[in-house]
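This report refers to the structure that appears directly beneath it.
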Amino acid sequence: MSLNPIRLKGNWDKGYALDAHIIKSTYLGEDEYGHNKFDTTRSMIGELVYQLKYKNKTDKIYDIIELINPFLQKWHDMKTVDIVIPAPPSKKYREVQPVHLIAKMIAKLLNVPYVNNLLEKLNSGQSKDKSLKDKTESIKGTIIKHKQFKKDVNILVVDDLYDSGTTLNEVCNVLKKDKHVNKIFVLAMTKTKR
């Protein structure tokens, strides 16, 4: 079992995606409903995230955690984390939020609190086809923080799928307004090819 961590640049202190989401995808044409079909090969963690997020196979969370645990143990900054929060999901009303499951299990591994109601994304519109500039503009002001910290904290923000980074950058902008937020680390399970 292997991961190929990718360093993520943004307005956080340090961040990684654990691997590319898709390794190879070949267009096969359209199905009988006119939907595009692809033969897709995902990374190991990419396939697990896909099964969890899009096929509702919640048991895959255990495979994900087993796969990422060695990376977390080697990432020395994780010893300084005080709290784990999920990035606000783009679809609010999933029966099970994959990013919440992942963040909760990571918090358990790190033996720190998990808080899932600190941040909220006001608009749930997906922006996959927008340019980076348009995405950045469309997300500004759409993430709100519900509580202030009463003591200094280092935060790990967990995301399932890193695309352009606009959501995580806005999350960090919001968190940095709190004088008690010291360091912010970001961990995404996978990264798109963007």
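Identifiers in the structure tokens: chain A, B, ... in order shown; residue index from 1 per chain; ligand index from 1 in order shown.
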
key: Test item: residues at most 10 Å from A:Pro113, only C-alpha atoms, excluding those fewer than 6 positions along its chain, as an NGL selection string   = :A and (81-85 or 104 or 106-107)

Take the residues that were just selected and, keeping N, CA and C atoms, output them as a PDB file, in the first residue's frame.
```pdb
ATOM      1  N   VAL A  81      -1.057  19.500  16.684  1.00  0.00           N
ATOM      2  CA  VAL A  81      -2.457  19.796  16.354  1.00  0.00           C
ATOM      3  C   VAL A  81      -3.319  19.688  17.609  1.00  0.00           C
ATOM      4  N   ASP A  82      -4.178  20.697  17.804  1.00  0.00           N
ATOM      5  CA  ASP A  82      -5.088  20.724  18.957  1.00  0.00           C
ATOM      6  C   ASP A  82      -6.516  20.341  18.603  1.00  0.00           C
ATOM      7  N   ILE A  83      -6.875  20.499  17.334  1.00  0.00           N
ATOM      8  CA  ILE A  83      -8.253  20.248  16.920  1.00  0.00           C
ATOM      9  C   ILE A  83      -8.271  19.875  15.436  1.00  0.00           C
ATOM     10  N   VAL A  84      -9.197  19.003  15.055  1.00  0.00           N
ATOM     11  CA  VAL A  84      -9.379  18.619  13.651  1.00  0.00           C
ATOM     12  C   VAL A  84     -10.773  19.052  13.223  1.00  0.00           C
ATOM     13  N   ILE A  85     -10.834  19.725  12.066  1.00  0.00           N
ATOM     14  CA  ILE A  85     -12.134  20.126  11.521  1.00  0.00           C
ATOM     15  C   ILE A  85     -12.211  19.698  10.055  1.00  0.00           C
ATOM     16  N   LYS A 104     -13.214  12.910  11.431  1.00  0.00           N
ATOM     17  CA  LYS A 104     -13.489  12.343  12.754  1.00  0.00           C
ATOM     18  C   LYS A 104     -12.516  11.208  13.084  1.00  0.00           C
ATOM     19  N   ILE A 106      -9.510  10.776  11.761  1.00  0.00           N
ATOM     20  CA  ILE A 106      -8.163  11.343  11.910  1.00  0.00           C
ATOM     21  C   ILE A 106      -8.005  11.950  13.301  1.00  0.00           C
ATOM     22  N   ALA A 107      -9.027  12.657  13.779  1.00  0.00           N
ATOM     23  CA  ALA A 107      -8.982  13.228  15.130  1.00  0.00           C
ATOM     24  C   ALA A 107      -8.788  12.130  16.165  1.00  0.00           C
TER      25      ALA A 107
END
```

Atom CA of A:Thr192 sits from atom CA of A:Gln97 at a separation of 19.3 Å

- Which of stretch 37-130 of chain A counts as helix (DSSP H, G or I) under DSSP, as a PyMOL selection string please? chain A and resi 44-54+60-74+76-80+98-110

Using only C-alpha atoms, the residue out of A:Asn116, A:Asn11, A:Ser2, A:Asn36 with shortest distance to A:Thr167 is A:Asn11

### Task
Give me, please, the distance in Å between atom CA of A:Val49 and atom CA of A:Gln73, quoted to one decimal.
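Going from atom CA of A:Val49 over to atom CA of A:Gln73, I get 20.4 Å.
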
If DSSP is run on the backbone, what residues of stretch 91-121 of chain A are strand (DSSP E or B)? A reply as a PyMOL selection string would be ideal. chain A and resi 114+119-121

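When the distance limit is 8 Å and only C-alpha atoms are what count, the residues near A:Pro88, minus those fewer than 5 positions from it on the same chain, are Leu119, Glu120, Lys121 and Ile143 of chain A.
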
Out of A:Val99, A:Leu122, A:Ile64, A:Val115, which residue has the shortest atom-to-atom distance to A:Ala87 when counting only C-alpha atoms?
->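 Residue with the minimum atom-to-atom distance to A:Ala87: A:Val99.
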
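Taking atom CA of A:Val174 and atom CA of A:Ile144 as the two end points, the separation is 7.0 Å.
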
Stretch 42-46 of chain A: which residues within 12 Å, counting only C-alpha atoms, same-chain residues fewer than 2 positions away excluded, as a tab-separated table (two decimals) with N, CA and C atoms, in the first residue's frame?
```tsv
chain	number	residue	atom	x	y	z
A	1	MET	N	0.85	-1.18	0.00
A	1	MET	CA	0.00	0.00	0.00
A	1	MET	C	0.89	1.23	0.00
A	2	SER	N	0.63	2.11	-0.96
A	2	SER	CA	1.50	3.27	-1.04
A	2	SER	C	0.71	4.54	-1.30
A	3	LEU	N	1.31	5.63	-0.89
A	3	LEU	CA	0.79	6.97	-1.14
A	3	LEU	C	1.89	7.76	-1.83
A	4	ASN	N	1.49	8.75	-2.58
A	4	ASN	CA	2.43	9.66	-3.23
A	4	ASN	C	2.05	11.09	-2.86
A	5	PRO	N	2.42	11.52	-1.64
A	5	PRO	CA	1.99	12.83	-1.15
A	5	PRO	C	2.42	13.97	-2.07
A	17	ALA	N	-1.85	16.79	-0.17
A	17	ALA	CA	-2.82	15.82	-0.67
A	17	ALA	C	-2.05	14.51	-0.68
A	18	LEU	N	-2.69	13.43	-0.29
A	18	LEU	CA	-1.97	12.18	-0.12
A	18	LEU	C	-1.65	11.47	-1.42
A	19	ASP	N	-2.36	11.81	-2.50
A	19	ASP	CA	-2.08	11.22	-3.81
A	19	ASP	C	-2.96	11.91	-4.84
A	20	ALA	N	-2.66	11.65	-6.10
A	20	ALA	CA	-3.55	12.09	-7.18
A	20	ALA	C	-4.83	11.28	-7.06
A	21	HIS	N	-5.94	11.87	-7.47
A	21	HIS	CA	-7.21	11.14	-7.42
A	21	HIS	C	-7.27	10.12	-8.56
A	22	ILE	N	-6.98	10.61	-9.76
A	22	ILE	CA	-7.05	9.74	-10.95
A	22	ILE	C	-5.67	9.61	-11.56
A	23	ILE	N	-5.29	8.39	-11.89
A	23	ILE	CA	-4.01	8.14	-12.55
A	23	ILE	C	-4.18	8.21	-14.07
A	24	LYS	N	-5.28	7.62	-14.56
A	24	LYS	CA	-5.51	7.59	-16.00
A	24	LYS	C	-7.01	7.49	-16.26
A	25	SER	N	-7.48	8.22	-17.29
A	25	SER	CA	-8.89	8.14	-17.65
A	25	SER	C	-9.00	8.21	-19.17
A	26	THR	N	-9.66	7.21	-19.76
A	26	THR	CA	-9.81	7.13	-21.20
A	26	THR	C	-11.29	7.25	-21.56
A	38	PHE	N	-16.16	6.68	-19.17
A	38	PHE	CA	-14.70	6.67	-19.10
A	38	PHE	C	-14.22	5.36	-18.49
A	39	ASP	N	-13.05	4.93	-18.91
A	39	ASP	CA	-12.34	3.85	-18.25
A	39	ASP	C	-11.33	4.55	-17.35
A	40	THR	N	-11.58	4.54	-16.04
A	40	THR	CA	-10.80	5.34	-15.11
A	40	THR	C	-9.99	4.46	-14.17
A	48	LEU	N	-10.57	4.43	-2.95
A	48	LEU	CA	-11.25	4.35	-1.66
A	48	LEU	C	-12.14	5.56	-1.41
A	49	VAL	N	-11.63	6.76	-1.72
A	49	VAL	CA	-12.42	7.98	-1.57
A	49	VAL	C	-13.62	7.96	-2.51
A	50	TYR	N	-13.41	7.51	-3.73
A	50	TYR	CA	-14.50	7.40	-4.71
A	50	TYR	C	-15.59	6.46	-4.18
A	51	GLN	N	-15.19	5.31	-3.67
A	51	GLN	CA	-16.17	4.34	-3.14
A	51	GLN	C	-16.93	4.91	-1.94
A	52	LEU	N	-16.22	5.64	-1.08
A	52	LEU	CA	-16.85	6.25	0.09
A	52	LEU	C	-17.79	7.39	-0.32
A	53	LYS	N	-17.29	8.27	-1.19
A	53	LYS	CA	-18.02	9.51	-1.50
A	53	LYS	C	-19.16	9.31	-2.50
A	54	TYR	N	-18.92	8.51	-3.52
A	54	TYR	CA	-19.90	8.42	-4.60
A	54	TYR	C	-20.68	7.11	-4.63
A	60	LYS	N	-15.41	1.77	3.75
A	60	LYS	CA	-14.11	2.12	3.15
A	60	LYS	C	-13.32	3.09	4.04
A	61	ILE	N	-14.00	3.73	4.99
A	61	ILE	CA	-13.32	4.65	5.89
A	61	ILE	C	-12.19	3.94	6.64
A	62	TYR	N	-12.40	2.68	7.01
A	62	TYR	CA	-11.37	1.94	7.75
A	62	TYR	C	-10.14	1.67	6.89
A	63	ASP	N	-10.37	1.39	5.60
A	63	ASP	CA	-9.24	1.20	4.67
A	63	ASP	C	-8.48	2.50	4.46
A	64	ILE	N	-9.23	3.61	4.38
A	64	ILE	CA	-8.60	4.92	4.20
A	64	ILE	C	-7.70	5.22	5.40
A	65	ILE	N	-8.23	5.05	6.59
A	65	ILE	CA	-7.47	5.37	7.80
A	65	ILE	C	-6.24	4.46	7.94
A	66	GLU	N	-6.40	3.21	7.63
A	66	GLU	CA	-5.26	2.29	7.68
A	66	GLU	C	-4.17	2.72	6.69
A	67	LEU	N	-4.59	3.17	5.52
A	67	LEU	CA	-3.64	3.60	4.50
A	67	LEU	C	-2.92	4.89	4.87
A	68	ILE	N	-3.63	5.84	5.48
A	68	ILE	CA	-3.02	7.16	5.74
A	68	ILE	C	-2.30	7.24	7.09
A	160	ASP	N	-11.66	15.85	1.54
A	160	ASP	CA	-11.58	14.56	0.85
A	160	ASP	C	-10.96	14.69	-0.53
A	161	LEU	N	-11.32	15.75	-1.26
A	161	LEU	CA	-10.86	15.91	-2.64
A	161	LEU	C	-10.43	17.35	-2.88
A	162	TYR	N	-9.17	17.56	-3.19
A	162	TYR	CA	-8.62	18.90	-3.44
A	162	TYR	C	-8.67	19.15	-4.94
A	188	ALA	N	-5.63	16.87	2.45
A	188	ALA	CA	-6.64	16.36	1.52
A	188	ALA	C	-6.28	14.92	1.18
A	189	MET	N	-7.29	14.11	1.03
A	189	MET	CA	-7.03	12.71	0.71
A	189	MET	C	-6.46	12.59	-0.70
A	190	THR	N	-7.05	13.29	-1.67
A	190	THR	CA	-6.59	13.22	-3.05
A	190	THR	C	-6.64	14.59	-3.70
A	191	LYS	N	-5.96	14.69	-4.85
A	191	LYS	CA	-5.92	15.94	-5.62
A	191	LYS	C	-6.26	15.62	-7.08
A	192	THR	N	-7.09	16.50	-7.65
A	192	THR	CA	-7.39	16.35	-9.08
A	192	THR	C	-6.17	16.78	-9.88
A	193	LYS	N	-6.20	16.56	-11.19
A	193	LYS	CA	-5.03	16.85	-12.03
A	193	LYS	C	-4.81	18.32	-12.30
```

Review point. Within 8 Å of A:Trp12, counting only C-alpha atoms, which residues qualify if same-chain residues fewer than 5 places away don't, as JSON, numbers by chain?
Key: {"A": [169, 172, 183, 184, 185, 186]}
